[in-house]
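Peer 1: Once you've had a glance at the structure underneath, I'll fire off some questions.
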Amino acid sequence: MKKIVIAIDGYSACGKSSTAKQVASRLGYTFIDSGAMYRAVTLYLLNENVNLENINQVEDHLDQIEITFEDTSILLNGKNVDTEIRTKAVNENVSAVSAISAVRRKMVAQQQTIGKNKGVVMDGRDIGTIVFPNAELKVFMIAEMGIRAKRRRKELLEKGIDEPLESITRNLQERDEVDSTRIDSPLVKAEDAIEIDTTNITLEEQIVQIEELAKEKINEN
Ligand code: CDP
């Protein structure tokens, strides 16, 4: 059967990754959380005490960063960083790091290599616009801020990170703003993306909706 590329973009904490992961598993596709890649780069730079405002210094470190995936886990230079990339320090710096063009070029090249044989579900901010502008299925997820912050708090608690709701809300708002207004690859809905508002639907409903859309696309391709 013909394989397609599924691009899922949208604001922080709308359920993109949880949905993409399950859709990929049900279709037997590869799941890539592109946000985790930007988070891993940020974690590396923070650990190395790189001055994130000094773009030359950031660029000088990029060659030392190797990001790989093992099942759905992310490895930074061979080490599993699934939990470390979700800390407050990473949350507070990831949007600034992601706005740097050299960082984006490196991540996008790797993402395009992973998706070149299709059969991939990738979620992020620029997947349907920049990484895979020809993706057969593009979804753009939105949700109300209150529900996004509550869902994120629950997710973090499950990972052992106890962050107050107000601080989570503030970070989501700040990242939305930086991600949508940056010059390189801002978060925008692709013209041909299907918008899904996840405020009042369950995770299972989100998964089924996208799975159905994917099956339609697979059959018509
Ligand atoms: O999980 P959450 O929705 O909060 O964010 P994420 O998908 O893990 O992405 C973290 C950050 O990485 C975003 O706020 C963006 O700044 C950046 N990002 C990006 O620039 N491009 C992508 N394709 C994915 C994420």
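Chain lettering (A, B, ...) mirrors the order of the structure tokens, residue numbering begins at 1 for each chain separately, and ligand numbering begins at 1 in order of display.
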Considering only C-alpha atoms and all ligand atoms, tabulate each residue of chain A that lies at most 8 Å from ligand 1 along with its nearest interatomic pair and the corresponding distance in Å to one decimal; arrange the rows by chain and ascending residue number and present them as JSON lines.
Peer 2:
```
{"residue": "A:Asp9", "atom": "CA", "partner": "ligand 1", "partner_atom_place_in_ligand_line": "23 (N)", "distance": 7.6}
{"residue": "A:Gly10", "atom": "CA", "partner": "ligand 1", "partner_atom_place_in_ligand_line": "3 (O)", "distance": 7.7}
{"residue": "A:Tyr11", "atom": "CA", "partner": "ligand 1", "partner_atom_place_in_ligand_line": "3 (O)", "distance": 6.1}
{"residue": "A:Ser12", "atom": "CA", "partner": "ligand 1", "partner_atom_place_in_ligand_line": "3 (O)", "distance": 3.1}
{"residue": "A:Ala13", "atom": "CA", "partner": "ligand 1", "partner_atom_place_in_ligand_line": "3 (O)", "distance": 4.2}
{"residue": "A:Cys14", "atom": "CA", "partner": "ligand 1", "partner_atom_place_in_ligand_line": "3 (O)", "distance": 6.6}
{"residue": "A:Gly15", "atom": "CA", "partner": "ligand 1", "partner_atom_place_in_ligand_line": "3 (O)", "distance": 7.3}
{"residue": "A:Lys16", "atom": "CA", "partner": "ligand 1", "partner_atom_place_in_ligand_line": "3 (O)", "distance": 6.8}
{"residue": "A:Ser17", "atom": "CA", "partner": "ligand 1", "partner_atom_place_in_ligand_line": "1 (O)", "distance": 6.9}
{"residue": "A:Asp33", "atom": "CA", "partner": "ligand 1", "partner_atom_place_in_ligand_line": "7 (O)", "distance": 6.8}
{"residue": "A:Ser34", "atom": "CA", "partner": "ligand 1", "partner_atom_place_in_ligand_line": "24 (C)", "distance": 4.8}
{"residue": "A:Gly35", "atom": "CA", "partner": "ligand 1", "partner_atom_place_in_ligand_line": "25 (C)", "distance": 3.5}
{"residue": "A:Ala36", "atom": "CA", "partner": "ligand 1", "partner_atom_place_in_ligand_line": "8 (O)", "distance": 5.0}
{"residue": "A:Met37", "atom": "CA", "partner": "ligand 1", "partner_atom_place_in_ligand_line": "25 (C)", "distance": 7.6}
{"residue": "A:Tyr38", "atom": "CA", "partner": "ligand 1", "partner_atom_place_in_ligand_line": "12 (O)", "distance": 5.0}
{"residue": "A:Arg39", "atom": "CA", "partner": "ligand 1", "partner_atom_place_in_ligand_line": "10 (C)", "distance": 6.0}
{"residue": "A:Arg86", "atom": "CA", "partner": "ligand 1", "partner_atom_place_in_ligand_line": "8 (O)", "distance": 8.0}
{"residue": "A:Asn91", "atom": "CA", "partner": "ligand 1", "partner_atom_place_in_ligand_line": "10 (C)", "distance": 7.2}
{"residue": "A:Val94", "atom": "CA", "partner": "ligand 1", "partner_atom_place_in_ligand_line": "11 (C)", "distance": 5.3}
{"residue": "A:Ser95", "atom": "CA", "partner": "ligand 1", "partner_atom_place_in_ligand_line": "16 (O)", "distance": 3.4}
{"residue": "A:Ala96", "atom": "CA", "partner": "ligand 1", "partner_atom_place_in_ligand_line": "16 (O)", "distance": 6.9}
{"residue": "A:Val97", "atom": "CA", "partner": "ligand 1", "partner_atom_place_in_ligand_line": "16 (O)", "distance": 7.4}
{"residue": "A:Ser98", "atom": "CA", "partner": "ligand 1", "partner_atom_place_in_ligand_line": "20 (O)", "distance": 4.6}
{"residue": "A:Ala99", "atom": "CA", "partner": "ligand 1", "partner_atom_place_in_ligand_line": "20 (O)", "distance": 6.6}
{"residue": "A:Arg104", "atom": "CA", "partner": "ligand 1", "partner_atom_place_in_ligand_line": "20 (O)", "distance": 7.4}
{"residue": "A:Asp123", "atom": "CA", "partner": "ligand 1", "partner_atom_place_in_ligand_line": "23 (N)", "distance": 6.7}
{"residue": "A:Gly124", "atom": "CA", "partner": "ligand 1", "partner_atom_place_in_ligand_line": "23 (N)", "distance": 3.6}
{"residue": "A:Arg125", "atom": "CA", "partner": "ligand 1", "partner_atom_place_in_ligand_line": "23 (N)", "distance": 4.1}
{"residue": "A:Asp126", "atom": "CA", "partner": "ligand 1", "partner_atom_place_in_ligand_line": "23 (N)", "distance": 4.9}
{"residue": "A:Ile127", "atom": "CA", "partner": "ligand 1", "partner_atom_place_in_ligand_line": "23 (N)", "distance": 5.8}
{"residue": "A:Arg152", "atom": "CA", "partner": "ligand 1", "partner_atom_place_in_ligand_line": "4 (O)", "distance": 7.8}
{"residue": "A:Leu172", "atom": "CA", "partner": "ligand 1", "partner_atom_place_in_ligand_line": "4 (O)", "distance": 6.9}
{"residue": "A:Arg175", "atom": "CA", "partner": "ligand 1", "partner_atom_place_in_ligand_line": "14 (O)", "distance": 5.0}
{"residue": "A:Asp176", "atom": "CA", "partner": "ligand 1", "partner_atom_place_in_ligand_line": "14 (O)", "distance": 6.7}
{"residue": "A:Val178", "atom": "CA", "partner": "ligand 1", "partner_atom_place_in_ligand_line": "16 (O)", "distance": 7.2}
{"residue": "A:Asp179", "atom": "CA", "partner": "ligand 1", "partner_atom_place_in_ligand_line": "16 (O)", "distance": 5.2}
{"residue": "A:Ser185", "atom": "CA", "partner": "ligand 1", "partner_atom_place_in_ligand_line": "20 (O)", "distance": 7.7}
{"residue": "A:Pro186", "atom": "CA", "partner": "ligand 1", "partner_atom_place_in_ligand_line": "20 (O)", "distance": 7.7}
{"residue": "A:Leu187", "atom": "CA", "partner": "ligand 1", "partner_atom_place_in_ligand_line": "20 (O)", "distance": 7.7}
```
Peer 1: Among region 47-138 of chain A, which residues carry a DSSP assignment of strand (DSSP E or B), reported as a list in words?
Peer 2: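 Answer for region 47-138 of chain A, restricted to strand (DSSP E or B): Ile67, Thr68, Phe69, Glu70, Ser73, Ile74, Leu75, Leu76, Lys79, Asn80, Val120, Val121, Met122, Asp123, Gly124, Leu137 and Lys138 of chain A.
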Peer 1: Pick out the closest residue to Asp71 (chain A) from this set: A:Ile32, A:Ile196, A:Ile207, A:Ile100. Count only C-alpha atoms.
Peer 2: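 Closest candidate: A:Ile32.
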Peer 1: Using Å and a single decimal, report how far CA of Asp63 (chain A) sits from CA of Asn93 (chain A).
Peer 2: 19.7 Å
Peer 1: Select from region 2-194 of chain A everything DSSP, run on the backbone, classes as helix (DSSP H, G or I), then give the selection as a ChimeraX atom specification.
Peer 2: /A:16-27,34-47,55-64,84-86,88-98,101-115,127-131,145-158,165-181
Peer 1: Go ahead and write the selection's residues with C-alpha atoms as a JSON list (two decimals), in the first residue's frame.
Peer 2:
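Listed below is the output, result.json:
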```json
[["chain", "number", "residue", "atom", "x", "y", "z"],
["A", 16, "LYS", "CA", 0.09, 17.06, 18.78],
["A", 17, "SER", "CA", 2.71, 14.60, 19.98],
["A", 18, "SER", "CA", 0.38, 12.29, 21.89],
["A", 19, "THR", "CA", -1.91, 12.13, 18.86],
["A", 20, "ALA", "CA", 0.87, 11.76, 16.31],
["A", 21, "LYS", "CA", 2.48, 8.95, 18.29],
["A", 22, "GLN", "CA", -0.75, 6.91, 18.38],
["A", 23, "VAL", "CA", -1.66, 7.60, 14.76],
["A", 24, "ALA", "CA", 1.80, 6.42, 13.71],
["A", 25, "SER", "CA", 1.52, 3.29, 15.80],
["A", 26, "ARG", "CA", -1.92, 2.41, 14.35],
["A", 27, "LEU", "CA", -0.73, 2.93, 10.77],
["A", 34, "SER", "CA", 10.35, 17.44, 15.94],
["A", 35, "GLY", "CA", 9.89, 19.59, 19.04],
["A", 36, "ALA", "CA", 11.88, 17.03, 21.03],
["A", 37, "MET", "CA", 14.77, 17.62, 18.62],
["A", 38, "TYR", "CA", 14.77, 21.39, 19.27],
["A", 39, "ARG", "CA", 14.48, 20.64, 22.97],
["A", 40, "ALA", "CA", 17.50, 18.32, 22.83],
["A", 41, "VAL", "CA", 19.59, 20.98, 21.10],
["A", 42, "THR", "CA", 18.55, 23.48, 23.79],
["A", 43, "LEU", "CA", 19.43, 21.02, 26.55],
["A", 44, "TYR", "CA", 22.88, 20.48, 25.07],
["A", 45, "LEU", "CA", 23.58, 24.21, 24.78],
["A", 46, "LEU", "CA", 22.39, 24.85, 28.35],
["A", 47, "ASN", "CA", 24.54, 22.02, 29.69],
["A", 55, "ILE", "CA", 24.60, 33.10, 17.60],
["A", 56, "ASN", "CA", 28.22, 32.39, 16.59],
["A", 57, "GLN", "CA", 28.77, 30.50, 19.83],
["A", 58, "VAL", "CA", 25.59, 28.48, 19.24],
["A", 59, "GLU", "CA", 26.62, 27.71, 15.65],
["A", 60, "ASP", "CA", 30.07, 26.56, 16.80],
["A", 61, "HIS", "CA", 28.46, 23.89, 18.97],
["A", 62, "LEU", "CA", 26.03, 22.44, 16.46],
["A", 63, "ASP", "CA", 28.51, 19.96, 14.99],
["A", 64, "GLN", "CA", 28.89, 18.37, 18.41],
["A", 84, "GLU", "CA", 15.50, 16.13, 30.79],
["A", 85, "ILE", "CA", 14.14, 17.89, 27.70],
["A", 86, "ARG", "CA", 10.86, 18.66, 29.55],
["A", 88, "LYS", "CA", 11.53, 24.40, 33.01],
["A", 89, "ALA", "CA", 14.98, 25.55, 31.88],
["A", 90, "VAL", "CA", 14.45, 23.92, 28.48],
["A", 91, "ASN", "CA", 10.86, 25.25, 28.24],
["A", 92, "GLU", "CA", 12.14, 28.76, 28.88],
["A", 93, "ASN", "CA", 14.88, 28.69, 26.27],
["A", 94, "VAL", "CA", 13.71, 26.38, 23.49],
["A", 95, "SER", "CA", 11.83, 29.02, 21.50],
["A", 96, "ALA", "CA", 14.86, 31.32, 21.38],
["A", 97, "VAL", "CA", 17.10, 28.47, 20.24],
["A", 98, "SER", "CA", 14.52, 27.40, 17.65],
["A", 101, "SER", "CA", 18.39, 29.69, 11.40],
["A", 102, "ALA", "CA", 21.49, 27.48, 11.68],
["A", 103, "VAL", "CA", 19.69, 25.34, 14.26],
["A", 104, "ARG", "CA", 16.63, 25.04, 12.02],
["A", 105, "ARG", "CA", 18.70, 24.11, 8.95],
["A", 106, "LYS", "CA", 20.33, 21.24, 10.81],
["A", 107, "MET", "CA", 17.05, 19.92, 12.23],
["A", 108, "VAL", "CA", 15.07, 20.31, 9.00],
["A", 109, "ALA", "CA", 17.72, 18.45, 6.99],
["A", 110, "GLN", "CA", 17.58, 15.52, 9.39],
["A", 111, "GLN", "CA", 13.77, 15.55, 9.43],
["A", 112, "GLN", "CA", 13.60, 15.52, 5.64],
["A", 113, "THR", "CA", 16.02, 12.58, 5.50],
["A", 114, "ILE", "CA", 13.87, 10.63, 7.97],
["A", 115, "GLY", "CA", 10.74, 11.31, 5.91],
["A", 127, "ILE", "CA", 6.24, 20.50, 9.22],
["A", 128, "GLY", "CA", 3.46, 21.25, 6.72],
["A", 129, "THR", "CA", 4.95, 24.56, 5.60],
["A", 130, "ILE", "CA", 8.73, 24.03, 5.43],
["A", 131, "VAL", "CA", 9.79, 20.46, 6.19],
["A", 145, "MET", "CA", -5.24, 28.05, 26.64],
["A", 146, "GLY", "CA", -6.89, 26.88, 29.89],
["A", 147, "ILE", "CA", -7.22, 23.29, 28.73],
["A", 148, "ARG", "CA", -3.77, 23.27, 27.15],
["A", 149, "ALA", "CA", -2.14, 24.35, 30.43],
["A", 150, "LYS", "CA", -4.09, 21.76, 32.44],
["A", 151, "ARG", "CA", -3.19, 18.96, 30.04],
["A", 152, "ARG", "CA", 0.47, 19.99, 30.10],
["A", 153, "ARG", "CA", 0.52, 20.07, 33.92],
["A", 154, "LYS", "CA", -0.88, 16.53, 34.03],
["A", 155, "GLU", "CA", 1.68, 15.33, 31.47],
["A", 156, "LEU", "CA", 4.55, 16.89, 33.43],
["A", 157, "LEU", "CA", 3.32, 15.41, 36.72],
["A", 158, "GLU", "CA", 3.35, 11.98, 35.10],
["A", 165, "LEU", "CA", -0.32, 25.97, 36.42],
["A", 166, "GLU", "CA", 0.41, 29.73, 36.25],
["A", 167, "SER", "CA", 4.02, 29.18, 35.29],
["A", 168, "ILE", "CA", 3.01, 26.61, 32.66],
["A", 169, "THR", "CA", 0.43, 29.03, 31.21],
["A", 170, "ARG", "CA", 2.97, 31.84, 31.06],
["A", 171, "ASN", "CA", 5.48, 29.64, 29.26],
["A", 172, "LEU", "CA", 2.93, 28.42, 26.71],
["A", 173, "GLN", "CA", 1.90, 32.02, 25.98],
["A", 174, "GLU", "CA", 5.49, 33.14, 25.62],
["A", 175, "ARG", "CA", 6.39, 30.27, 23.30],
["A", 176, "ASP", "CA", 3.26, 30.81, 21.17],
["A", 177, "GLU", "CA", 4.31, 34.42, 20.75],
["A", 178, "VAL", "CA", 7.97, 33.76, 19.90],
["A", 179, "ASP", "CA", 7.16, 30.79, 17.64],
["A", 180, "SER", "CA", 4.51, 32.72, 15.68],
["A", 181, "THR", "CA", 6.50, 35.91, 15.20]]
```
Peer 1: Write out as a PDB file with C-alpha atoms, in the first residue's frame each polymer residue whose atoms come within 12 Å of Glu70 (chain A), counting only C-alpha atoms; drop sequence neighbours fewer than 5 positions from it.
Peer 2:
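This is the output file selection-v8.pdb:
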```pdb
ATOM      1  CA  THR A  30       7.431   6.178  12.063  1.00  0.00           C
ATOM      2  CA  PHE A  31       6.637   8.910  14.597  1.00  0.00           C
ATOM      3  CA  ILE A  32       8.935  11.896  14.903  1.00  0.00           C
ATOM      4  CA  LEU A  75      18.856  10.268  22.361  1.00  0.00           C
ATOM      5  CA  LEU A  76      21.261  13.194  22.607  1.00  0.00           C
ATOM      6  CA  GLY A  78      23.654   8.482  22.588  1.00  0.00           C
ATOM      7  CA  LYS A  79      21.989   9.297  25.912  1.00  0.00           C
ATOM      8  CA  ASN A  80      18.236   9.078  26.533  1.00  0.00           C
ATOM      9  CA  VAL A  81      16.984  12.583  27.387  1.00  0.00           C
ATOM     10  CA  ASP A  82      13.198  12.001  27.312  1.00  0.00           C
TER      11      ASP A  82
END
```
Peer 1: If I take CA of Tyr29 (chain A) and CA of Lys118 (chain A), how far is one from the other in Å, to one decimal?
Peer 2: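 CA of Lys118 (chain A) lies 8.5 Å from CA of Tyr29 (chain A).
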Peer 1: Would you mind reading off the distance between CA of Lys3 (chain A) and CA of Glu220 (chain A), one decimal, in Å?
Peer 2: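 Computing it gives 11.1 Å between the two atoms.
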Peer 1: Given the choices A:Val208, A:Met122, A:Ala214, A:Ala135, which gets closest to Asp192 (chain A) if the distance is worked out from only C-alpha atoms?
Peer 2: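 Looking only at the distances to Asp192 (chain A), the closest residue turns out to be A:Ala135.
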Peer 1: Compare A:Thr68, A:Ser73, A:Thr87, A:Asn49 by their minimum atom-to-atom distance to Asp162 (chain A), counting only C-alpha atoms, and give me the closest one.
Peer 2: A:Thr87
Peer 1: Find, counting only C-alpha atoms, the residue in A:Ile183, A:Ile65, A:Leu137, A:Val50 that gets nearest to Glu212 (chain A).
Peer 2: A:Leu137
Peer 1: Which residue out of A:Val121, A:Ile67, A:Met141, A:Ile201 has the minimum interatomic distance to Lys189 (chain A) when only C-alpha atoms are used?
Peer 2: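 Smallest distance to Lys189 (chain A) is found for A:Met141.
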